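Participant: Can you keep this structure in mind? I'll have questions shortly.
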Amino acid sequence: MKRRDFFAVLGGGLVVLLDDEIYAQETGGPRRGGGTAVPVEIGAWLHIGESGVVTVYTGKVEVGQNARTSLTQAVVEELHAPPASVHMAMGDTDLTPFDMGTVGSMTTPRMWPQIRRAAAAAREMLLDLAAQKWSVDRATLAIADGKVSAGARSASFGELARGEKWTRTIPSSVPLAEAAAWKVAGKSLPKVNGHAMVTGAHKYSYDLSRPGMLHAKVLYPPQFGATLISLDASAAEAMPGVKVVHEGNFVAVAAPDPETAAKAAGVLQAQWKPVTAEADSHTVFQYFKQTAQGAAASANLTPYTIAYIAHVPLEPRAALAEWEGDKVTVWTGSQRPFGVRSELAQAFGIPEEKARVIVPDTGSGYGGKHNGDAALEAARVSKALGKPVKRNWTREEEMTWAYFRPGGLIEVAGKVSPDGVITEWEFHNYNSGGSGLQSPYSIPGKKEQFHQTKSPLRQGSYRGLAATANHFVRESYMDELAQSVKLDPLEFRLINAKDERLRNVIVAAADKFGWKARQKTAGRGFGIAAGFEKGGYVATCAEISVDPGTGAVKVLRAVVAFECGAVVNPEHLRNQVEGAIAMGLGGALFEEIQFGEGKISTNRLARYRVPRFADMPVIESVLLDRKDLVSAGAGETPIVGIAPAIGNAIFDANGKRIRRLPLMA
Amino acid sequence: MARVTELSVNGGRRRIDADPDRTLLSVLRDDLDLTGTKYGCGEGQCAACTVLVDGVATKSCLTKVGAVAGKRIVTIEGLAPEGKLHPVQQAFLDADAMQCGYCTPGMILGAVALLGRTPNPTEAEIVTGMNGHICRCGTYPRVVRAIHAAAGKGGRA
Ligand code: FES
Ligand code: FES
């Protein structure tokens, strides 16, 4: 939306634009704003309409991390507006300011304070207006529950905004209320669109339709990287209503209903040129080492391996595309609407403002929906056929053609003095990534390195990503070192942890868990792990049982102490912690992508086990609320401690040190 | 086999014209626009597609529409017909038993059926009864809490 269009589109009222000079500094210049769209420097903006509806525009999206509710809370807190009057317009590239993406747990630390600032500025505008209209001293005004009042006089926000066309631009450096002064934030606001979810009314991308829409199905090669030699589409084309799109290696069919499209795809006769795959799920760890960059590691390190895993968002990728002349609109579940817009612009050779991406609240992402694969497919078919086109991926497609959390080889070594002080530490991560690589313990001589390698599979972001792998290895190996000097794992960690925030979570988790009073019995084990990631500290204690016959591990109890600065919404934070444990359990215990010859063999839920009700331990969380610190994101960090805590508990139970993820192979 | 021309859905009769071999999931979503019933896997593994058929929780992705003609089908859209939430829906809201919400309709209908069979389930009965449902966001503990809360509050279908 152009600046001058605000009031034409929205009617009268008040508008606050938030200048995001912090962002500009961090990225070293103006952001790409897509020409005439929202002014490039705007981080968020807020409108109070004549009906009193408050609309906040942000490029963030809701993928289950509860951004819609926590951002609403920010507005309610600062503006004193009733929650029901606040509407969050999210992730629409034509309406909302540019945003890098809802990635890396940045919504709370970055957007939340911005929106609070915008709302605070709007509050001041309302007070200015009321003072002016009633000719009263501003100090005598009260603002609460969507109304400004002075003595017996009172006006709703809508009444005050009526007939106004007032814009204020504020810098993002305006000071904010101290966390201790928060009223609504810090308490729990129920999920704002929860009603639409429990009634089935919410439309995910998967559920959307447009009049005259066709359903598309893409013909994928039988192996990654295979190229098309020939295609006979005559049988498909003979089917009523079916259209075939063939552009180079890209083959798709479209039909008025999804089942016909699937049938038509099934009768395509394609010949593919086979490829020789360079690695499979067994040889891949060697392959990482062979293709590694960076200085060589010392000899005699202890190797750990990390399997590739899939995100398995319950809503697979989906997109609906519609062209109007030379402009395409795509509805799709993505964590990076503006990134998808760029992909579209590039693919079709159009300026960015000729592509509009709208992201309905999405059936989760966990870092798996950063790009626009389905969006590009839908737009391509739609362009070729001149009709709106829907492209819903099946589960098998989602688990084959999306990207994976990288597998990795990690090699580690350390030395420890007899009194438990770590004196040397060497740590090499091949392929799984550098985040969380650095030990949060105080170690004088450290060598820590991430080595880029080739990956036989397409890989990308994942909740907790490399931090999960690095924490698994570091915290497992911490126990190996503790064992070597016969020290209790908790004691050993406290000897080497000097960072106060790290110590606090370790102590909090151990206390709540009853670490010191734990009772060892046959087949039971206890483990502890801690770490630091994305501005938050976490410590996890786990109690497990191992079946003596099958070796099957059941996690009985997990205690997570988490400190991510000032707590915004404790209830949702607990929900995120529980979710992280539930998800982390899968990667810890049994999730593993198996592949060979350029094919995924675990591309269905029947072959790829994800955590279920029966896998859940009792989860207890201890939230350390540091009102004096900025709020960090919470979607990822709590996941990093569960795998090593379980691995350590298995060792405690049966003396077996398992140096691979998943732990149960 | 003859085409299916009518389904009883959410207390009403709906005209359709469907090959009896098509899945109930597809007919509900694509023909009747009842998109509250979700696709998650298409192979009976996730229960996102759960509906009630004569009160029994049924995975609509594995159910042929020909097999349910004449039976009473309830989808998530039919659980609160007059706008007043079913106690199980309310319990899910109260317990914050959702993150992305994609599994939620199936979970709720699964829970309604469970409470129909076992009005006051133990935790173990909830876990066993609901184990076919996947929540990738990991809201399991909250779903268990929600079902406990709904039990005994007329949580039956
Ligand atoms: S879609 Fe039916 S069980 Fe998954
Ligand atoms: S809430 Fe996201 S899958 Fe259950």
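Quick note on naming: the chains in the structure tokens go A, B, ... in the order shown, residues restart at 1 in each chain, and ligands are numbered from 1 in order of appearance.
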Please return as a PyMOL selection string the residues found within 9 Å of ligand 2, counting only C-alpha atoms and all ligand atoms.

Facilitator: (chain A and resi 63-64+313-315+362-364+579) or (chain B and resi 48+97-104+107+134-140)

Participant: Using only C-alpha atoms and all ligand atoms, tabulate the residues of chain A lying at most 10 Å from any atom of ligand 1, each with its closest atom pair and that distance in Å to one decimal, by chain and increasing residue number, as a Markdown table.

Facilitator:
| residue | atom | partner | partner_atom_place_in_ligand_line | distance |
| --- | --- | --- | --- | --- |
| A:Leu314 | CA | ligand 1 | 4 (Fe) | 9.0 |
| A:Thr394 | CA | ligand 1 | 1 (S) | 9.8 |
| A:Arg395 | CA | ligand 1 | 4 (Fe) | 8.9 |
| A:Leu605 | CA | ligand 1 | 4 (Fe) | 8.7 |

Participant: Please identify all residues of chain B having at least one atom at most 9 Å from any atom of chain A, considering only C-alpha atoms, and return them as a ChimeraX atom specification.

Facilitator: /B:22,26,29-30,33-46,48,75-80,85,89-90,92-94,96-105,108,124,126-128,130-142,144

Participant: Need the shell around region 532-548 of chain A: protein/DNA/RNA residues with any atom at most 7 Å away, counting only C-alpha atoms. Skip same-chain ones fewer than 6 positions apart. Format as a PyMOL selection string?

Facilitator: chain A and resi 436+440+467+501-502+505-506+509-510+513+523-526+554-564+632+637-638+641-642+645-646+649

Participant: May I ask for the distance between CA of Val53 (chain A) and CA of Ala150 (chain A), given in Å to one decimal place?

Facilitator: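 We find that CA of Val53 (chain A) and CA of Ala150 (chain A) lie 21.8 Å from each other.
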
Participant: Please identify the strand (DSSP E) residues within region 405-503 of chain A (assignment by DSSP from backbone atoms) and present them as a list in words.

Facilitator: Gly408, Leu409, Ile410, Glu411, Val412, Ala413, Gly414, Lys415, Val416, Ile422, Thr423, Glu424, Trp425, Glu426, Phe427, His428, Asn429, Tyr430, Gly445, Lys446, Lys447, Glu448, Gln449, Phe450 and His451 of chain A

Participant: Could you please write out, as a ChimeraX atom specification, every residue of region 114-226 of chain A that DSSP assigns to helix (DSSP H, G or I)?

Facilitator: /A:114-134,138-140,157-161,179-181,194-198,205-207

Participant: Choose the residue, out of A:Thr329, A:Ser70, A:Ser476, A:Ser432, that has the smallest atom-to-atom separation from Ser455 (chain A); count only C-alpha atoms.

Facilitator: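 Counting only C-alpha atoms, the residue closest to Ser455 (chain A) is A:Ser432.
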
Participant: Within 12 Å of region 1-3 of chain B, counting only C-alpha atoms, which residues show up once you throw out same-chain ones fewer than 5 positions away? Write them as a PDB file with N, CA, C and O atoms, in the first residue's frame, please.

Facilitator:
ATOM      1  N   ARG B  15     -26.735 -32.813  -1.187  1.00  0.00           N
ATOM      2  CA  ARG B  15     -26.703 -33.439  -2.511  1.00  0.00           C
ATOM      3  C   ARG B  15     -25.256 -33.490  -2.984  1.00  0.00           C
ATOM      4  O   ARG B  15     -24.538 -32.503  -2.929  1.00  0.00           O
ATOM      5  N   ILE B  16     -24.862 -34.653  -3.436  1.00  0.00           N
ATOM      6  CA  ILE B  16     -23.540 -34.749  -4.065  1.00  0.00           C
ATOM      7  C   ILE B  16     -23.685 -35.643  -5.295  1.00  0.00           C
ATOM      8  O   ILE B  16     -24.762 -36.194  -5.532  1.00  0.00           O
ATOM      9  N   ASP B  17     -22.627 -35.761  -6.045  1.00  0.00           N
ATOM     10  CA  ASP B  17     -22.625 -36.703  -7.161  1.00  0.00           C
ATOM     11  C   ASP B  17     -21.217 -37.258  -7.222  1.00  0.00           C
ATOM     12  O   ASP B  17     -20.347 -36.693  -7.874  1.00  0.00           O
ATOM     13  N   ALA B  18     -21.006 -38.345  -6.497  1.00  0.00           N
ATOM     14  CA  ALA B  18     -19.626 -38.808  -6.311  1.00  0.00           C
ATOM     15  C   ALA B  18     -19.490 -40.284  -6.617  1.00  0.00           C
ATOM     16  O   ALA B  18     -20.377 -41.089  -6.308  1.00  0.00           O
ATOM     17  N   ASP B  19     -18.381 -40.607  -7.226  1.00  0.00           N
ATOM     18  CA  ASP B  19     -17.977 -41.992  -7.408  1.00  0.00           C
ATOM     19  C   ASP B  19     -17.855 -42.626  -6.015  1.00  0.00           C
ATOM     20  O   ASP B  19     -17.217 -42.046  -5.144  1.00  0.00           O
ATOM     21  N   PRO B  20     -18.474 -43.786  -5.780  1.00  0.00           N
ATOM     22  CA  PRO B  20     -18.470 -44.349  -4.423  1.00  0.00           C
ATOM     23  C   PRO B  20     -17.077 -44.703  -3.913  1.00  0.00           C
ATOM     24  O   PRO B  20     -16.878 -44.842  -2.710  1.00  0.00           O
ATOM     25  N   ASP B  21     -16.119 -44.831  -4.825  1.00  0.00           N
ATOM     26  CA  ASP B  21     -14.754 -45.164  -4.414  1.00  0.00           C
ATOM     27  C   ASP B  21     -13.949 -43.971  -3.926  1.00  0.00           C
ATOM     28  O   ASP B  21     -12.845 -44.132  -3.429  1.00  0.00           O
ATOM     29  N   ARG B  22     -14.494 -42.779  -4.117  1.00  0.00           N
ATOM     30  CA  ARG B  22     -13.735 -41.614  -3.643  1.00  0.00           C
ATOM     31  C   ARG B  22     -13.689 -41.598  -2.125  1.00  0.00           C
ATOM     32  O   ARG B  22     -14.535 -42.155  -1.448  1.00  0.00           O
ATOM     33  N   LYS B  64     -14.262 -44.857   2.171  1.00  0.00           N
ATOM     34  CA  LYS B  64     -14.865 -44.600   0.865  1.00  0.00           C
ATOM     35  C   LYS B  64     -16.249 -43.994   1.077  1.00  0.00           C
ATOM     36  O   LYS B  64     -16.995 -44.411   1.964  1.00  0.00           O
ATOM     37  N   VAL B  65     -16.571 -43.035   0.275  1.00  0.00           N
ATOM     38  CA  VAL B  65     -17.836 -42.322   0.487  1.00  0.00           C
ATOM     39  C   VAL B  65     -19.017 -43.278   0.294  1.00  0.00           C
ATOM     40  O   VAL B  65     -20.052 -43.151   0.948  1.00  0.00           O
ATOM     41  N   GLY B  66     -18.822 -44.298  -0.557  1.00  0.00           N
ATOM     42  CA  GLY B  66     -19.883 -45.280  -0.756  1.00  0.00           C
ATOM     43  C   GLY B  66     -20.244 -46.035   0.525  1.00  0.00           C
ATOM     44  O   GLY B  66     -21.361 -46.512   0.686  1.00  0.00           O
ATOM     45  N   ALA B  67     -19.293 -46.109   1.435  1.00  0.00           N
ATOM     46  CA  ALA B  67     -19.518 -46.874   2.659  1.00  0.00           C
ATOM     47  C   ALA B  67     -20.270 -46.094   3.724  1.00  0.00           C
ATOM     48  O   ALA B  67     -20.692 -46.655   4.732  1.00  0.00           O
ATOM     49  N   ALA B  69     -22.797 -43.662   2.901  1.00  0.00           N
ATOM     50  CA  ALA B  69     -24.070 -43.120   2.425  1.00  0.00           C
ATOM     51  C   ALA B  69     -25.152 -43.571   3.401  1.00  0.00           C
ATOM     52  O   ALA B  69     -25.203 -44.739   3.784  1.00  0.00           O
TER      53      ALA B  69
END

Participant: Report, in Å with one decimal, the straight-line distance from CA of Ala254 (chain A) to CA of Ala235 (chain A).

Facilitator: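 Going from CA of Ala254 (chain A) over to CA of Ala235 (chain A) covers 13.6 Å.
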